[in-house]
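Structure file protein-v1.cif; described as mmCIF, C-alpha atoms.
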```cif
data_protein
loop_
_atom_site.label_atom_id
_atom_site.label_comp_id
_atom_site.auth_asym_id
_atom_site.auth_seq_id
_atom_site.Cartn_x
_atom_site.Cartn_y
_atom_site.Cartn_z
CA MET A 1 86.84 -69.38 -145.09
CA LYS A 2 86.28 -65.73 -144.26
CA LYS A 3 82.62 -66.37 -143.32
CA LEU A 4 83.59 -69.26 -141.02
CA SER A 5 86.21 -67.09 -139.30
CA ALA A 6 83.67 -64.35 -138.74
CA ARG A 7 81.27 -66.74 -137.11
CA ARG A 8 83.94 -67.89 -134.64
CA ARG A 9 84.56 -64.30 -133.58
CA HIS A 10 80.93 -63.38 -132.97
CA PRO A 11 80.64 -60.21 -130.77
CA LEU A 12 78.53 -62.04 -128.13
CA ALA A 13 81.11 -64.77 -127.66
CA ALA A 14 83.14 -62.70 -125.18
CA LEU A 15 80.01 -61.89 -123.19
CA VAL A 16 79.02 -65.56 -123.00
CA VAL A 17 82.49 -66.49 -121.79
CA LEU A 18 82.36 -63.75 -119.13
CA LEU A 19 78.94 -64.87 -117.86
CA PHE A 20 80.12 -68.47 -117.73
CA ALA A 21 83.18 -67.45 -115.70
CA LEU A 22 81.05 -65.48 -113.24
CA ALA A 23 78.67 -68.40 -112.83
CA VAL A 24 81.52 -70.79 -112.13
CA THR A 25 83.09 -68.36 -109.64
CA GLY A 26 79.79 -67.85 -107.80
CA GLY A 27 79.21 -71.57 -107.63
CA LEU A 28 82.65 -72.20 -106.21
CA TYR A 29 82.16 -69.48 -103.57
CA ALA A 30 78.78 -70.86 -102.55
CA ALA A 31 80.25 -74.33 -102.30
CA PHE A 32 83.36 -73.49 -100.30
CA ALA A 33 82.48 -70.42 -98.20
CA PRO A 34 80.15 -72.25 -95.73
CA ALA A 35 82.69 -75.00 -95.36
CA ASP A 36 85.35 -72.44 -94.49
CA LYS A 37 83.08 -70.92 -91.82
CA ALA A 38 82.24 -74.33 -90.37
CA GLN A 39 85.92 -75.21 -90.37
CA ALA A 40 86.72 -72.00 -88.50
CA ASP A 41 84.05 -72.77 -85.89
CA ASP A 42 85.39 -76.29 -85.46
CA THR A 43 88.91 -74.91 -85.05
CA ALA A 44 87.77 -72.43 -82.37
CA GLN A 45 85.89 -75.18 -80.51
CA SER A 46 88.88 -77.51 -80.70
CA LEU A 47 91.12 -74.76 -79.32
CA ALA A 48 88.68 -74.10 -76.44
CA ILE A 49 88.61 -77.82 -75.59
CA LYS A 50 92.40 -77.99 -75.70
CA GLU A 51 92.81 -75.00 -73.36
CA GLY A 52 90.04 -76.31 -71.11
CA LYS A 53 91.81 -79.62 -70.78
CA LYS A 54 94.92 -77.82 -69.53
CA LEU A 55 92.89 -75.90 -66.93
CA PHE A 56 91.14 -79.12 -65.91
CA ALA A 57 94.43 -80.93 -65.37
CA VAL A 58 95.60 -78.21 -62.98
CA GLY A 59 92.45 -77.41 -61.02
CA CYS A 60 90.10 -80.40 -61.29
CA ALA A 61 91.87 -83.66 -62.15
CA SER A 62 93.11 -84.33 -58.61
CA CYS A 63 89.51 -85.02 -57.52
CA HIS A 64 87.65 -85.85 -60.73
CA GLY A 65 90.36 -87.87 -62.49
CA THR A 66 92.53 -86.96 -65.46
CA GLY A 67 89.72 -87.84 -67.88
CA GLY A 68 86.84 -86.66 -65.72
CA GLN A 69 85.94 -90.26 -64.90
CA GLY A 70 85.71 -89.52 -61.18
CA THR A 71 87.60 -90.76 -58.12
CA SER A 72 86.86 -91.45 -54.47
CA ASP A 73 87.21 -87.69 -53.86
CA GLY A 74 84.96 -86.47 -56.67
CA PRO A 75 82.15 -87.73 -58.93
CA SER A 76 82.41 -88.46 -62.64
CA LEU A 77 81.87 -85.48 -64.91
CA VAL A 78 81.04 -87.50 -68.00
CA GLY A 79 77.65 -86.31 -69.23
CA VAL A 80 77.13 -83.46 -66.74
CA GLY A 81 77.31 -80.92 -69.57
CA ALA A 82 78.61 -77.39 -69.92
CA ALA A 83 75.82 -75.97 -67.72
CA ALA A 84 77.06 -77.85 -64.65
CA VAL A 85 80.57 -76.47 -65.11
CA ASP A 86 79.30 -72.93 -65.66
CA PHE A 87 77.27 -73.14 -62.44
CA GLN A 88 79.83 -74.83 -60.19
CA VAL A 89 82.84 -72.83 -61.34
CA GLY A 90 80.92 -69.59 -61.94
CA THR A 91 79.64 -69.55 -58.34
CA GLY A 92 83.08 -70.40 -56.94
CA ARG A 93 81.99 -73.75 -55.54
CA MET A 94 84.57 -75.46 -57.70
CA PRO A 95 87.40 -76.05 -57.27
CA ALA A 96 86.38 -76.99 -53.72
CA GLN A 97 88.63 -75.96 -50.86
CA GLN A 98 88.06 -79.27 -49.10
CA PRO A 99 85.60 -82.18 -49.24
CA GLY A 100 82.56 -81.87 -47.04
CA ALA A 101 78.82 -82.34 -46.68
CA GLN A 102 78.21 -79.05 -48.48
CA VAL A 103 80.45 -77.06 -50.81
CA PRO A 104 79.83 -73.37 -50.06
CA ARG A 105 79.62 -70.56 -52.55
CA LYS A 106 82.75 -68.42 -52.64
CA LYS A 107 84.62 -65.93 -54.82
CA ASN A 108 85.25 -67.19 -58.33
CA ILE A 109 88.93 -67.61 -59.32
CA TYR A 110 88.47 -68.09 -63.08
CA THR A 111 87.71 -65.60 -65.83
CA ASN A 112 84.63 -65.99 -68.02
CA ALA A 113 86.82 -67.14 -70.91
CA GLN A 114 88.44 -69.82 -68.75
CA ILE A 115 85.04 -71.02 -67.52
CA ASP A 116 83.91 -71.33 -71.15
CA GLN A 117 87.03 -73.37 -71.93
CA LEU A 118 86.50 -75.69 -68.95
CA ALA A 119 82.86 -76.09 -69.94
CA ALA A 120 83.84 -76.92 -73.52
CA TYR A 121 86.23 -79.62 -72.35
CA VAL A 122 83.78 -81.25 -69.93
CA ALA A 123 81.03 -81.09 -72.56
CA SER A 124 83.34 -82.98 -74.93
CA LEU A 125 83.41 -85.90 -72.46
CA GLY A 126 79.71 -86.61 -72.93
CA ALA A 127 76.47 -84.89 -73.93
CA GLY A 128 74.69 -82.92 -71.20
CA PRO A 129 72.79 -79.68 -70.50
CA THR A 130 74.17 -76.67 -72.33
CA VAL A 131 74.68 -73.15 -70.96
CA PRO A 132 71.32 -71.34 -71.38
CA GLU A 133 70.85 -68.26 -73.54
CA LYS A 134 69.77 -64.99 -71.91
CA GLU A 135 66.21 -65.17 -73.22
CA GLN A 136 65.76 -68.51 -71.43
CA TYR A 137 66.35 -67.11 -67.92
CA SER A 138 65.42 -63.46 -68.32
CA PRO A 139 62.33 -62.64 -66.18
CA ASP A 140 60.94 -60.43 -68.96
CA GLY A 141 57.52 -61.64 -70.06
CA ALA A 142 57.28 -64.34 -67.38
CA ASP A 143 54.25 -65.20 -65.23
CA ILE A 144 55.24 -64.30 -61.65
CA GLY A 145 52.11 -65.83 -60.11
CA LYS A 146 52.68 -69.14 -61.87
CA GLY A 147 56.33 -69.02 -60.85
CA GLY A 148 55.34 -68.63 -57.20
CA GLU A 149 53.02 -71.61 -57.43
CA LEU A 150 55.72 -73.76 -59.03
CA PHE A 151 58.35 -72.64 -56.52
CA ARG A 152 56.17 -73.40 -53.50
CA THR A 153 55.36 -76.82 -54.96
CA ASN A 154 58.87 -77.90 -55.99
CA CYS A 155 61.42 -75.78 -54.11
CA ALA A 156 60.06 -74.24 -50.91
CA GLN A 157 60.49 -77.43 -48.88
CA CYS A 158 64.25 -76.81 -48.87
CA HIS A 159 64.81 -73.20 -49.93
CA ASN A 160 61.94 -71.62 -47.94
CA PHE A 161 58.97 -70.01 -49.68
CA THR A 162 60.95 -66.86 -50.59
CA GLY A 163 64.26 -68.58 -51.33
CA LYS A 164 66.02 -67.65 -48.10
CA GLY A 165 67.48 -71.15 -47.76
CA GLY A 166 67.22 -73.70 -44.99
CA ALA A 167 68.97 -76.47 -43.09
CA LEU A 168 68.99 -80.10 -44.24
CA THR A 169 70.32 -83.27 -42.62
CA ASP A 170 73.92 -84.25 -41.81
CA GLY A 171 75.39 -80.75 -42.12
CA LYS A 172 73.84 -80.07 -45.51
CA TYR A 173 71.75 -77.01 -46.35
CA ALA A 174 69.80 -75.41 -49.16
CA PRO A 175 71.57 -72.11 -49.92
CA THR A 176 69.83 -68.77 -50.17
CA LEU A 177 68.73 -67.74 -53.64
CA GLU A 178 68.76 -64.04 -52.87
CA GLY A 179 71.24 -62.19 -55.07
CA VAL A 180 72.05 -65.26 -57.21
CA ASP A 181 72.50 -64.69 -60.95
CA PRO A 182 69.34 -65.82 -62.83
CA LYS A 183 71.53 -67.83 -65.20
CA HIS A 184 72.93 -69.82 -62.28
CA ILE A 185 69.42 -70.46 -60.90
CA TYR A 186 68.38 -71.82 -64.30
CA GLU A 187 71.51 -74.00 -64.48
CA ALA A 188 70.90 -75.34 -60.98
CA MET A 189 67.40 -76.44 -61.97
CA GLU A 190 68.80 -78.07 -65.10
CA THR A 191 71.71 -79.92 -63.48
CA GLY A 192 70.69 -80.56 -59.84
CA PRO A 193 73.91 -79.62 -57.99
CA GLN A 194 74.85 -81.49 -54.82
CA ASN A 195 71.68 -82.38 -52.83
CA MET A 196 69.26 -80.72 -55.23
CA PRO A 197 67.25 -82.83 -57.69
CA SER A 198 67.46 -81.90 -61.37
CA PHE A 199 64.43 -80.44 -63.13
CA GLY A 200 64.84 -81.10 -66.83
CA ASP A 201 62.41 -79.83 -69.42
CA GLY A 202 60.29 -82.92 -68.80
CA SER A 203 59.72 -81.83 -65.17
CA LEU A 204 59.82 -78.07 -65.55
CA SER A 205 59.64 -76.58 -69.03
CA GLN A 206 61.84 -73.68 -70.06
CA GLN A 207 58.89 -71.34 -69.51
CA ASN A 208 58.32 -72.83 -66.03
CA LYS A 209 61.93 -72.14 -65.09
CA LYS A 210 61.61 -68.62 -66.43
CA ASP A 211 58.48 -68.09 -64.30
CA ILE A 212 60.25 -69.31 -61.15
CA ILE A 213 63.17 -66.97 -61.75
CA ALA A 214 60.75 -64.07 -62.23
CA TYR A 215 59.03 -64.95 -58.93
CA LEU A 216 62.33 -64.98 -57.01
CA ASP A 217 63.30 -61.69 -58.61
CA ALA A 218 59.98 -60.19 -57.50
CA VAL A 219 59.94 -61.38 -53.87
CA ASN A 220 63.62 -60.60 -53.24
CA GLY A 221 63.84 -57.39 -55.24
CA ASP A 222 64.47 -53.98 -53.69
CA GLU A 223 60.91 -52.88 -54.48
CA SER A 224 59.17 -55.86 -52.89
CA GLU A 225 56.99 -55.19 -49.83
CA SER A 226 55.84 -57.51 -47.06
CA GLN A 227 52.06 -57.27 -46.74
CA GLY A 228 52.18 -59.04 -43.38
CA GLY A 229 54.34 -56.48 -41.61
CA LEU A 230 57.55 -57.66 -39.93
CA ASP A 231 58.60 -60.81 -41.76
CA LEU A 232 61.61 -61.76 -39.60
CA GLY A 233 63.81 -62.10 -42.68
CA GLY A 234 61.21 -64.15 -44.55
CA LEU A 235 62.31 -67.32 -42.78
CA GLY A 236 58.76 -68.60 -42.45
CA PRO A 237 56.44 -69.91 -39.71
CA VAL A 238 59.10 -71.80 -37.74
CA SER A 239 61.15 -68.71 -36.93
CA GLU A 240 58.04 -66.60 -36.41
CA GLY A 241 56.52 -69.23 -34.12
CA LEU A 242 59.73 -69.49 -32.13
CA PHE A 243 59.81 -65.71 -31.76
CA GLY A 244 56.23 -65.71 -30.50
CA TYR A 245 56.86 -68.63 -28.17
CA ILE A 246 59.96 -67.17 -26.53
CA PHE A 247 58.84 -63.55 -26.19
CA GLY A 248 55.12 -64.18 -25.84
CA LEU A 249 55.39 -66.95 -23.26
CA GLY A 250 58.26 -65.13 -21.58
CA SER A 251 56.09 -62.05 -21.19
CA LEU A 252 53.28 -64.12 -19.69
CA VAL A 253 55.68 -65.72 -17.20
CA ALA A 254 57.02 -62.30 -16.21
CA VAL A 255 53.50 -60.96 -15.67
CA ALA A 256 52.57 -64.03 -13.59
CA ILE A 257 55.63 -63.57 -11.38
CA TRP A 258 54.83 -59.88 -10.93
CA VAL A 259 51.22 -60.63 -9.96
CA ALA A 260 52.30 -63.35 -7.51
CA ALA A 261 54.83 -61.02 -5.91
CA ARG A 262 52.24 -58.26 -5.51
CA THR A 263 49.72 -60.70 -4.05
CA THR A 264 52.18 -62.07 -1.51
CA LYS A 265 53.22 -58.54 -0.48
CA ALA A 266 49.57 -57.50 -0.07
CA LYS A 267 48.83 -60.52 2.17
CA LYS A 268 51.79 -59.75 4.45
CA SER A 269 50.71 -56.17 4.90
#
```
Could you render the structure from this file as structure tokens?
Amino acid sequence: MKKLSARRRHPLAALVVLLFALAVTGGLYAAFAPADKAQADDTAQSLAIKEGKKLFAVGCASCHGTGGQGTSDGPSLVGVGAAAVDFQVGTGRMPAQQPGAQVPRKKNIYTNAQIDQLAAYVASLGAGPTVPEKEQYSPDGADIGKGGELFRTNCAQCHNFTGKGGALTDGKYAPTLEGVDPKHIYEAMETGPQNMPSFGDGSLSQQNKKDIIAYLDAVNGDESESQGGLDLGGLGPVSEGLFGYIFGLGSLVAVAIWVAARTTKAKKS
């Protein structure tokens, strides 16, 4: 009986029990810790959607409907994504002051946190483009020459070849891209606001968009130089041709009148 009792109280028994307890504790932590983090993220997202819905009801529902389904005064927002909200609200275009052919850019009335909440709510209505990360629109490491080629092919018809903007039909216009946040330029290409077509990754890849942004940053930057001399604001051949037509032809007419007057005076004398 004494030998049996000694075996039950072996010195390593306590160590085995301790190791077993540590293993069980570690397994429980590994099993439940990620779930707790995921649950916290879901809670934060749910809270953002809830607050965004409140902001939407006050500032957006009168035109876009209480559920974002759209009305006669505003289009449906189902499936436009968070990027569309970040662009429209971040540039002050929304909420719009009044309906019209073109909604102008104006001072933003929402904080960044409120814009994120509105974006979270609209994104919950249907899948759409997400807000880009900084590395997606940063001009660092981009090909400026390729960006210029892509911009002249896809964008210059409306925005002018340096992004100065231009007039469209029926009171619409392509706004200037000078001084616009690169993130908003990227979002505009992704979502196609108002009269602009959308350029998803199938049309312009993320690298293509990055190259275009780098080109605009280069041609409109403070260090950019015009190799052609006076560029008349970079508005292109139409404005330059008009300038030449008015002042050049006007000068020729003035010279012709002067010569005719001198000739007539000489004949009389």
Query raised in the report: So how far away is CA of Ala123 (chain A) from CA of Lys50 (chain A), in Å?
Result: 12.2 Å
Report task. Check what the PyMOL selection byres ((chain A and resi 137-149) around 12) selects in the file above and give those residues as a ChimeraX atom specification. Result -> /A:131-136,150-156,160-163,181-190,204-219
Writer output for current selection, C-alpha atoms, as an mmCIF file, in the coordinates of the input:
```cif
data_model
loop_
_atom_site.group_PDB
_atom_site.id
_atom_site.type_symbol
_atom_site.label_atom_id
_atom_site.label_comp_id
_atom_site.auth_asym_id
_atom_site.auth_seq_id
_atom_site.Cartn_x
_atom_site.Cartn_y
_atom_site.Cartn_z
ATOM 1 C CA VAL A 131 74.680 -73.150 -70.960
ATOM 2 C CA PRO A 132 71.320 -71.340 -71.380
ATOM 3 C CA GLU A 133 70.850 -68.260 -73.540
ATOM 4 C CA LYS A 134 69.770 -64.990 -71.910
ATOM 5 C CA GLU A 135 66.210 -65.170 -73.220
ATOM 6 C CA GLN A 136 65.760 -68.510 -71.430
ATOM 7 C CA LEU A 150 55.720 -73.760 -59.030
ATOM 8 C CA PHE A 151 58.350 -72.640 -56.520
ATOM 9 C CA ARG A 152 56.170 -73.400 -53.500
ATOM 10 C CA THR A 153 55.360 -76.820 -54.960
ATOM 11 C CA ASN A 154 58.870 -77.900 -55.990
ATOM 12 C CA CYS A 155 61.420 -75.780 -54.110
ATOM 13 C CA ALA A 156 60.060 -74.240 -50.910
ATOM 14 C CA ASN A 160 61.940 -71.620 -47.940
ATOM 15 C CA PHE A 161 58.970 -70.010 -49.680
ATOM 16 C CA THR A 162 60.950 -66.860 -50.590
ATOM 17 C CA GLY A 163 64.260 -68.580 -51.330
ATOM 18 C CA ASP A 181 72.500 -64.690 -60.950
ATOM 19 C CA PRO A 182 69.340 -65.820 -62.830
ATOM 20 C CA LYS A 183 71.530 -67.830 -65.200
ATOM 21 C CA HIS A 184 72.930 -69.820 -62.280
ATOM 22 C CA ILE A 185 69.420 -70.460 -60.900
ATOM 23 C CA TYR A 186 68.380 -71.820 -64.300
ATOM 24 C CA GLU A 187 71.510 -74.000 -64.480
ATOM 25 C CA ALA A 188 70.900 -75.340 -60.980
ATOM 26 C CA MET A 189 67.400 -76.440 -61.970
ATOM 27 C CA GLU A 190 68.800 -78.070 -65.100
ATOM 28 C CA LEU A 204 59.820 -78.070 -65.550
ATOM 29 C CA SER A 205 59.640 -76.580 -69.030
ATOM 30 C CA GLN A 206 61.840 -73.680 -70.060
ATOM 31 C CA GLN A 207 58.890 -71.340 -69.510
ATOM 32 C CA ASN A 208 58.320 -72.830 -66.030
ATOM 33 C CA LYS A 209 61.930 -72.140 -65.090
ATOM 34 C CA LYS A 210 61.610 -68.620 -66.430
ATOM 35 C CA ASP A 211 58.480 -68.090 -64.300
ATOM 36 C CA ILE A 212 60.250 -69.310 -61.150
ATOM 37 C CA ILE A 213 63.170 -66.970 -61.750
ATOM 38 C CA ALA A 214 60.750 -64.070 -62.230
ATOM 39 C CA TYR A 215 59.030 -64.950 -58.930
ATOM 40 C CA LEU A 216 62.330 -64.980 -57.010
ATOM 41 C CA ASP A 217 63.300 -61.690 -58.610
ATOM 42 C CA ALA A 218 59.980 -60.190 -57.500
ATOM 43 C CA VAL A 219 59.940 -61.380 -53.870
#
```
Query - Top pick for closest residue to Ala48 (chain A), considering A:Asn108, A:Thr91, A:Thr191, A:Ser124 and counting all atoms listed in the file - result: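 The shortest atom-to-atom distance to Ala48 (chain A) comes from A:Ser124.
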Query raised in the report: Separation of CA of Arg105 (chain A) and CA of Ala167 (chain A), in Å?
Result: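 Pair CA of Arg105 (chain A) / CA of Ala167 (chain A) returns 15.4 Å.
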Requested in this report: With all atoms listed in the file counted, which protein, DNA or RNA residues have an atom no more than 9 Å from (83.3, -78.9, -58.8) in the file frame? Please answer as a list in words.
Outcome: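 The requested residues, written out, are Cys60, Cys63, His64, Gly74, Pro75, Ala84, Val85, Gln88, Val89, Gly92, Arg93, Met94, Pro95, Ala96 and Val103 of chain A.
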Query raised in the report: Using only C-alpha atoms, which of A:Pro104, A:Gly126, A:Gly221, A:Gly165 sits nearest Gln69 (chain A)?
Result: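 So, comparing all the options, the nearest one is A:Gly126.
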Set up a box along x, y and z of the file covering all listed atoms of region 150-154 of chain A, add 3 Å on every one of the six sides, and write the centre and edge lengths in Å to one decimal, as lines of an AutoDock Vina configuration file.
```
center_x = 57.1
center_y = -75.3
center_z = -56.3
size_x = 9.5
size_y = 11.3
size_z = 11.5
```
**Report entry** Of the listed residues A:Gly52, A:Gly244, A:Ala57, A:Gly68, that which approaches Leu125 (chain A) most closely, counting all atoms listed in the file
**Finding:**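 Among the listed residues, A:Gly68 lies closest to Leu125 (chain A).
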Excluding Lys172 (chain A) and residues on its chain fewer than 2 positions from it, collect all residues at most 7 Å away from it, counting only C-alpha atoms, and give them as a PDB file with C-alpha atoms, keeping the file's coordinate frame.
```
ATOM      1  CA  ALA A 101      78.820 -82.340 -46.680  1.00  0.00           C
ATOM      2  CA  GLN A 102      78.210 -79.050 -48.480  1.00  0.00           C
ATOM      3  CA  ALA A 167      68.970 -76.470 -43.090  1.00  0.00           C
ATOM      4  CA  LEU A 168      68.990 -80.100 -44.240  1.00  0.00           C
ATOM      5  CA  THR A 169      70.320 -83.270 -42.620  1.00  0.00           C
ATOM      6  CA  ASP A 170      73.920 -84.250 -41.810  1.00  0.00           C
TER       7      ASP A 170
END
```
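Interatomic distance, CA of Phe56 (chain A) to CA of Gly200 (chain A): 26.4 Å.
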Requested in this report: Name the closest residue to Pro197 (chain A) among the candidates A:Ile257, A:Ala174, A:Val180, A:Leu118; distances are taken between atoms, counting only C-alpha atoms.
Outcome: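 Of the candidates, the smallest distance to Pro197 (chain A) is held by A:Ala174.
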Query raised in the report: What does the PyMOL selection byres ((chain A and resi 129) around 6) select in this file, as a list in words?
Result: Gly81, Ala83, Gly128 and Thr130 of chain A
Query raised in the report: Of the residues A:Gly248, A:Gly202, A:Gly90, A:Gly179, which is the one nearest to Lys106 (chain A), using only C-alpha atoms?
Result: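 Comparing A:Gly248, A:Gly202, A:Gly90, A:Gly179 against Lys106 (chain A), the winner is A:Gly90.
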Query raised in the report: Out of A:Asn220, A:Asn112, A:Thr263, A:Gln39, which residue has the shortest atom-to-atom distance to Phe87 (chain A) when counting all atoms listed in the file?
Result: A:Asn112
